[in-house]
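See structure below.
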Amino acid sequence: MLQTNPVKKLHETCQKHKLKVRVVDMWSHDGSFEVFIDNQLRGKGMCHVKKEIALNRAANKAYNEVINMLSVGNMKIANS
C-alpha cells in the first residue's frame, strides 16, 4: 500500500491552512533538513546516507507538529 509522500502531504496541508513552509537544506553540512512553518522550526530530519530520507523525516515531523497545532487550535475555538 502506497503512502503519500511526506513533503507533498506537508505542503498540501499548509497550503490549505495558509501556513508558510520553508525548508532549509543542511544535508551537505551535517546530513539534516530543517522545516520551518510560519518561521518556527517544526521538524528536523537527519540521515547521513541518503538525502531524501533526511528530507522525508523532517517533513513528517513538521507535518505531525502542524496537525497537533491545528487540532489544539480547533479545541480552543470549540471551548470558547
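FYI, nothing fancy with the C-alpha cells labels: chains A, B, ... in order, residues from 1 per chain, ligands from 1 as they appear.
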
Name the residues in contact with stretch 33-47 of chain A at a cut-off of 6 Å, using only C-alpha atoms, excluding same-chain residues fewer than 6 positions from it; report them as a VMD selection string. chain A and resid 20 to 26 54 to 55 57 to 58 61 to 62

Residues from last step as file, C-alpha atoms, as a PDB file, in the first residue's frame:
```
ATOM      1  CA  LYS A  20       4.150  29.342   5.097  1.00  0.00           C
ATOM      2  CA  VAL A  21       6.616  26.465   4.656  1.00  0.00           C
ATOM      3  CA  ARG A  22      10.377  26.918   4.403  1.00  0.00           C
ATOM      4  CA  VAL A  23      12.773  24.001   4.058  1.00  0.00           C
ATOM      5  CA  VAL A  24      16.433  24.527   4.906  1.00  0.00           C
ATOM      6  CA  ASP A  25      18.836  22.078   3.272  1.00  0.00           C
ATOM      7  CA  MET A  26      21.823  21.485   5.554  1.00  0.00           C
ATOM      8  CA  ALA A  54      16.518  13.201   5.822  1.00  0.00           C
ATOM      9  CA  LEU A  55      14.048  15.417   3.955  1.00  0.00           C
ATOM     10  CA  ARG A  57      11.903  12.645   8.162  1.00  0.00           C
ATOM     11  CA  ALA A  58      11.928  16.422   8.618  1.00  0.00           C
ATOM     12  CA  LYS A  61       7.923  15.593  11.911  1.00  0.00           C
ATOM     13  CA  ALA A  62       6.767  19.031  10.751  1.00  0.00           C
TER      14      ALA A  62
END
```

Out of stretch 19-73 of chain A, which residues get strand (DSSP E) from DSSP, as a list in words? Val21, Arg22, Val23, Val24, Asp25, Met26, Ser32, Phe33, Glu34, Val35, Phe36, Ile37, Gln40, Leu41, Arg42, Gly43, Lys44, Gly45 and Met46 of chain A

I need the residue nearest A:Thr4 from this list: A:Leu19, A:Ala59, A:Ile67, A:Val72. Use only C-alpha atoms for the distance. A:Ala59

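For the choices A:Val66, A:His48, A:Ile53, A:Gly73, the atom-to-atom distance to A:Lys16 is smallest for A:Val66 when using only C-alpha atoms.
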
Of the listed residues A:His11, A:Gly31, A:Tyr63, A:Pro6, that which approaches A:Lys50 most closely, counting only C-alpha atoms: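 Smallest separation from A:Lys50 among the options: A:Gly31.
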
Enumerate, as JSON, numbers by chain, the complete set of residues in chain A that a backbone-based DSSP assignment places in alpha helix (DSSP H). {"A": [6, 7, 8, 9, 10, 11, 12, 13, 14, 15, 16, 27, 28, 29, 30, 51, 52, 53, 54, 55, 56, 57, 58, 59, 60, 61, 62, 63, 64, 65, 66, 67, 68, 69, 70, 71, 72, 73, 74, 75, 76, 77, 78, 79]}

Pairwise distance, atom CA of A:Thr13 with atom CA of A:Ser32, equals 22.4 Å

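Note that the spacing between atom CA of A:Val49 and atom CA of A:Cys14 amounts to 28.3 Å.
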